[in-house]
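**Student:** Quick one: the structure is below, and I'll ask about it shortly.
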Amino acid sequence: MRIVIKVGTSTLAHSTGRLNIRRTEELCKIISDIKNAGHEIILVSSGAIGMGVGKLALAKRPDDIATKQAAAAVGQCELMYTYDKLFSKYNHTVAQILLTGSDFSHEDRHENFNNTLARLLELGVLPIINENDTIATEEIKVGDNDTLSALVAVSARADLLILLSDIDGLFTADPHTDPSATLLSVVEEINDEIMGLGGGSGSSLGTGGMHTKLHAAQICTDNGCDMIIANGSDPKILYAITENDSPKCTLFKGKK
């Protein structure tokens, strides 16, 4: 299978913005093992701004664009250094690709991206993709990595997109406030009722939330790609998903 895995800031970092070392090390080990089993993996990783906030010892995620972009510039270096070091332990070479919305909307740039991505996969490289937050502005940015990962999955003709977040999947109500909320294990169709289950934004360090995940699911399923929302707090969930071992998650079925 060709699998795109999106990792959110809440999975990679503590609330301080500093790297969650134990979880990130386990995540890289498991992704390496899944890749060793024969799957092609593309990693879409959030965390640049969040890690920059921690590295710069800022009190909170910045509100102004200049400081966000400065934090992204600092944090992206830290992020890729960490990935390169961890994946190298398991003999996997990584490559960094930074994108903006215009890399999908501009025909020539989109084709160049697809060609580069395809060649990296042929060479056995693990591409690590993030939005280019250092230069992205309102006019050209994708806006969140849930949507970015869906665009990447469609462009790469992936079989599956896995969104690792801080929640088990899509619930019938907000599980943080409603004890009767139940997890939806399979969503066959994304209709107005399903979209209505999306709430606000996610963690204070991230940009996502259930609404952006449902938007990503719509992009994927409309293009025949399955998508899963799962909890990234235990990276071993990736084994359960790739081995079809009844994972606790929500599967959105692509239109075939």
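Chain lettering (A, B, ...) mirrors the order of the structure tokens, residue numbering begins at 1 for each chain separately, and ligand numbering begins at 1 in order of display.
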Give me the residues near Leu126 of chain A as a PyMOL selection string, where near means some atom within 8 Å (using only C-alpha atoms) and where sequence neighbours in that chain fewer than 3 positions away do not count.

**Tutor:** chain A and resi 41-43+92-95+120-121

**Student:** Using N, CA and C atoms, can you export the residues from the last selection as a PDB file, in the first residue's frame?

**Tutor:**
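And here's out-v9.pdb as it stands now:
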```
ATOM      1  N   ILE A  41       5.600   4.908   2.277  1.00  0.00           N
ATOM      2  CA  ILE A  41       5.132   5.861   3.278  1.00  0.00           C
ATOM      3  C   ILE A  41       5.510   7.282   2.880  1.00  0.00           C
ATOM      4  N   ILE A  42       4.549   8.179   2.998  1.00  0.00           N
ATOM      5  CA  ILE A  42       4.776   9.620   2.874  1.00  0.00           C
ATOM      6  C   ILE A  42       4.322  10.229   4.191  1.00  0.00           C
ATOM      7  N   LEU A  43       5.175  11.000   4.822  1.00  0.00           N
ATOM      8  CA  LEU A  43       4.854  11.602   6.117  1.00  0.00           C
ATOM      9  C   LEU A  43       4.572  13.089   5.934  1.00  0.00           C
ATOM     10  N   HIS A  92      16.802   4.465   7.028  1.00  0.00           N
ATOM     11  CA  HIS A  92      15.893   5.107   6.081  1.00  0.00           C
ATOM     12  C   HIS A  92      16.338   6.547   5.834  1.00  0.00           C
ATOM     13  N   THR A  93      16.380   6.900   4.558  1.00  0.00           N
ATOM     14  CA  THR A  93      16.754   8.249   4.148  1.00  0.00           C
ATOM     15  C   THR A  93      15.507   9.105   4.028  1.00  0.00           C
ATOM     16  N   VAL A  94      15.558  10.316   4.567  1.00  0.00           N
ATOM     17  CA  VAL A  94      14.406  11.210   4.499  1.00  0.00           C
ATOM     18  C   VAL A  94      14.696  12.361   3.543  1.00  0.00           C
ATOM     19  N   ALA A  95      13.618  12.957   3.036  1.00  0.00           N
ATOM     20  CA  ALA A  95      13.714  14.138   2.181  1.00  0.00           C
ATOM     21  C   ALA A  95      12.675  15.144   2.639  1.00  0.00           C
ATOM     22  N   LEU A 120      11.323  10.111  -5.568  1.00  0.00           N
ATOM     23  CA  LEU A 120      11.778   9.835  -4.206  1.00  0.00           C
ATOM     24  C   LEU A 120      11.288   8.467  -3.736  1.00  0.00           C
ATOM     25  N   LEU A 121      10.027   8.157  -4.019  1.00  0.00           N
ATOM     26  CA  LEU A 121       9.475   6.858  -3.617  1.00  0.00           C
ATOM     27  C   LEU A 121      10.157   5.722  -4.364  1.00  0.00           C
TER      28      LEU A 121
END
```

**Student:** At a cut-off of 8 Å, using only C-alpha atoms, what residues contact Ser233 of chain A? Leave out same-chain residues fewer than 3 positions from it and give the result as a PyMOL selection string.

**Tutor:** chain A and resi 11+23+165-166

**Student:** What would the file look like if the residues just selected were written as a tab-separated table (two decimals), in the first residue's frame with C-alpha atoms?

**Tutor:**
```tsv
chain	number	residue	atom	x	y	z
A	11	THR	CA	1.23	14.11	18.78
A	23	ARG	CA	6.53	9.39	21.47
A	165	SER	CA	-4.52	13.37	16.20
A	166	ASP	CA	-5.36	13.72	19.90
```

**Student:** Just the residues within 12 Å of Asn114 of chain A, please, counting only C-alpha atoms, with nothing from its chain fewer than 5 positions along; format it as a PyMOL selection string.

**Tutor:** chain A and resi 97+99+103-104+107-109+119-121+127+151-157

**Student:** Atoms to include: C-alpha atoms. Write the selected residues as a compact mmCIF listing (two decimals), in the first residue's frame.

**Tutor:**
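out.txt was written with the following content:
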```
# COMPACT_ATOMS: atom_id res chain seq x y z
CA ILE A 97 9.40 18.97 0.78
CA LEU A 99 4.70 23.32 -0.12
CA ASP A 103 2.10 24.22 -5.66
CA PHE A 104 -1.23 22.43 -6.16
CA GLU A 107 -0.20 23.18 -13.22
CA ASP A 108 3.58 23.15 -13.87
CA ARG A 109 4.51 23.34 -10.19
CA ARG A 119 11.10 9.62 -7.95
CA LEU A 120 11.78 9.84 -4.21
CA LEU A 121 9.47 6.86 -3.62
CA PRO A 127 9.40 12.10 1.94
CA LEU A 151 -4.09 17.03 -1.29
CA VAL A 152 -0.83 15.09 -1.06
CA ALA A 153 -2.67 11.75 -0.79
CA VAL A 154 -4.75 12.52 -3.89
CA SER A 155 -1.72 13.79 -5.84
CA ALA A 156 0.30 10.69 -4.88
CA ARG A 157 -2.62 8.37 -5.66
```

**Student:** Rounded to one decimal in Å, what is the spacing between atom CA of Thr242 of chain A and atom CA of Ala158 of chain A?

**Tutor:** 13.7 Å

**Student:** What is the distance between atom CA of Met227 of chain A and atom CA of Lys253 of chain A, in Å to one decimal?

**Tutor:** 6.7 Å

**Student:** Have a look at atom CA of Val74 of chain A and atom CA of Ser149 of chain A and let me know their distance in Å, one decimal.

**Tutor:**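 One can read the atom CA of Val74 of chain A to atom CA of Ser149 of chain A distance as 22.2 Å.
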
**Student:** Find the spatial neighbours of Val186 of chain A, counting only C-alpha atoms, within a cut-off of 12 Å - ignore same-chain residues fewer than 4 positions away - and output them as a list in words.

**Tutor:**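 Residues meeting the cut-off are Gly169, Leu170, Phe171, Ile190, Ile194, Asp226, Met227, Ile228, Ile229, Ser246, Pro247, Lys248, Cys249, Thr250, Leu251, Phe252, Lys253 and Gly254 of chain A.
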
**Student:** Can you list, as a PyMOL selection string, every residue of segment 47-174 of chain A that DSSP puts in alpha helix (DSSP H)?

**Tutor:** chain A and resi 48-55+65-88+102-105+107-122+145-155

**Student:** Given the choices A:Leu197, A:His211, A:Phe87, A:Lys256, which gets closest to Asp33 of chain A if the distance is worked out from only C-alpha atoms?

**Tutor:** A:Phe87

**Student:** Using only C-alpha atoms for the distances, tell me which of A:Asp159, A:Leu164, A:Leu148, A:Ile49 is nearest to Asp234 of chain A.

**Tutor:**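 Ranked by minimum distance to Asp234 of chain A, first place goes to A:Leu164.
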
**Student:** Once DSSP has gone over the backbone, tell me which residues of segment 131-174 of chain A are in strand (DSSP E or B), as a ChimeraX atom specification.

**Tutor:** /A:131,160-165,171

**Student:** Write out as a list in words which residues come within 10 Å of Lys255 of chain A when counting only C-alpha atoms, dropping same-chain ones fewer than 5 positions away.

**Tutor:**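 Residues near the query, excluding close chain neighbours: Glu188, Glu189, Cys220, Thr221, Asp222, Asn223, Gly224, Cys225 and Asp226 of chain A.
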
**Student:** Using only N, CA and C atoms, please write the residues we just selected to a file, as a PDB file, in the first residue's frame.

**Tutor:**
```
ATOM      1  N   GLU A 188     -19.552   5.862   5.664  1.00  0.00           N
ATOM      2  CA  GLU A 188     -19.681   5.477   4.254  1.00  0.00           C
ATOM      3  C   GLU A 188     -19.814   6.692   3.343  1.00  0.00           C
ATOM      4  N   GLU A 189     -20.453   7.758   3.869  1.00  0.00           N
ATOM      5  CA  GLU A 189     -20.715   8.942   3.057  1.00  0.00           C
ATOM      6  C   GLU A 189     -20.601  10.188   3.929  1.00  0.00           C
ATOM      7  N   CYS A 220     -10.367  13.357   0.143  1.00  0.00           N
ATOM      8  CA  CYS A 220      -9.876  11.992  -0.096  1.00  0.00           C
ATOM      9  C   CYS A 220     -10.943  11.092  -0.682  1.00  0.00           C
ATOM     10  N   THR A 221     -12.075  11.016  -0.012  1.00  0.00           N
ATOM     11  CA  THR A 221     -13.106  10.055  -0.422  1.00  0.00           C
ATOM     12  C   THR A 221     -13.678  10.396  -1.789  1.00  0.00           C
ATOM     13  N   ASP A 222     -13.778  11.694  -2.112  1.00  0.00           N
ATOM     14  CA  ASP A 222     -14.260  12.093  -3.442  1.00  0.00           C
ATOM     15  C   ASP A 222     -13.328  11.619  -4.538  1.00  0.00           C
ATOM     16  N   ASN A 223     -12.060  11.365  -4.170  1.00  0.00           N
ATOM     17  CA  ASN A 223     -11.057  10.932  -5.145  1.00  0.00           C
ATOM     18  C   ASN A 223     -10.658   9.470  -4.979  1.00  0.00           C
ATOM     19  N   GLY A 224     -11.494   8.703  -4.253  1.00  0.00           N
ATOM     20  CA  GLY A 224     -11.297   7.263  -4.161  1.00  0.00           C
ATOM     21  C   GLY A 224     -10.272   6.791  -3.155  1.00  0.00           C
ATOM     22  N   CYS A 225      -9.811   7.695  -2.289  1.00  0.00           N
ATOM     23  CA  CYS A 225      -8.812   7.333  -1.275  1.00  0.00           C
ATOM     24  C   CYS A 225      -9.487   7.168   0.083  1.00  0.00           C
ATOM     25  N   ASP A 226      -9.191   6.081   0.778  1.00  0.00           N
ATOM     26  CA  ASP A 226      -9.699   5.900   2.142  1.00  0.00           C
ATOM     27  C   ASP A 226      -8.953   6.827   3.096  1.00  0.00           C
TER      28      ASP A 226
END
```

**Student:** Under the rule of at most 8 Å, produce a per-residue listing of segment 184-238 of chain A near segment 25-30 of chain A: chain, number, name, the closest pair of atoms, and the distance in Å, as a tab-separated table, using only C-alpha atoms.

**Tutor:**
```
residue	atom	partner	partner_atom	distance
A:Pro235	CA	A:Leu27	CA	5.3
A:Lys236	CA	A:Ile30	CA	7.0
A:Leu238	CA	A:Ile30	CA	7.5
```
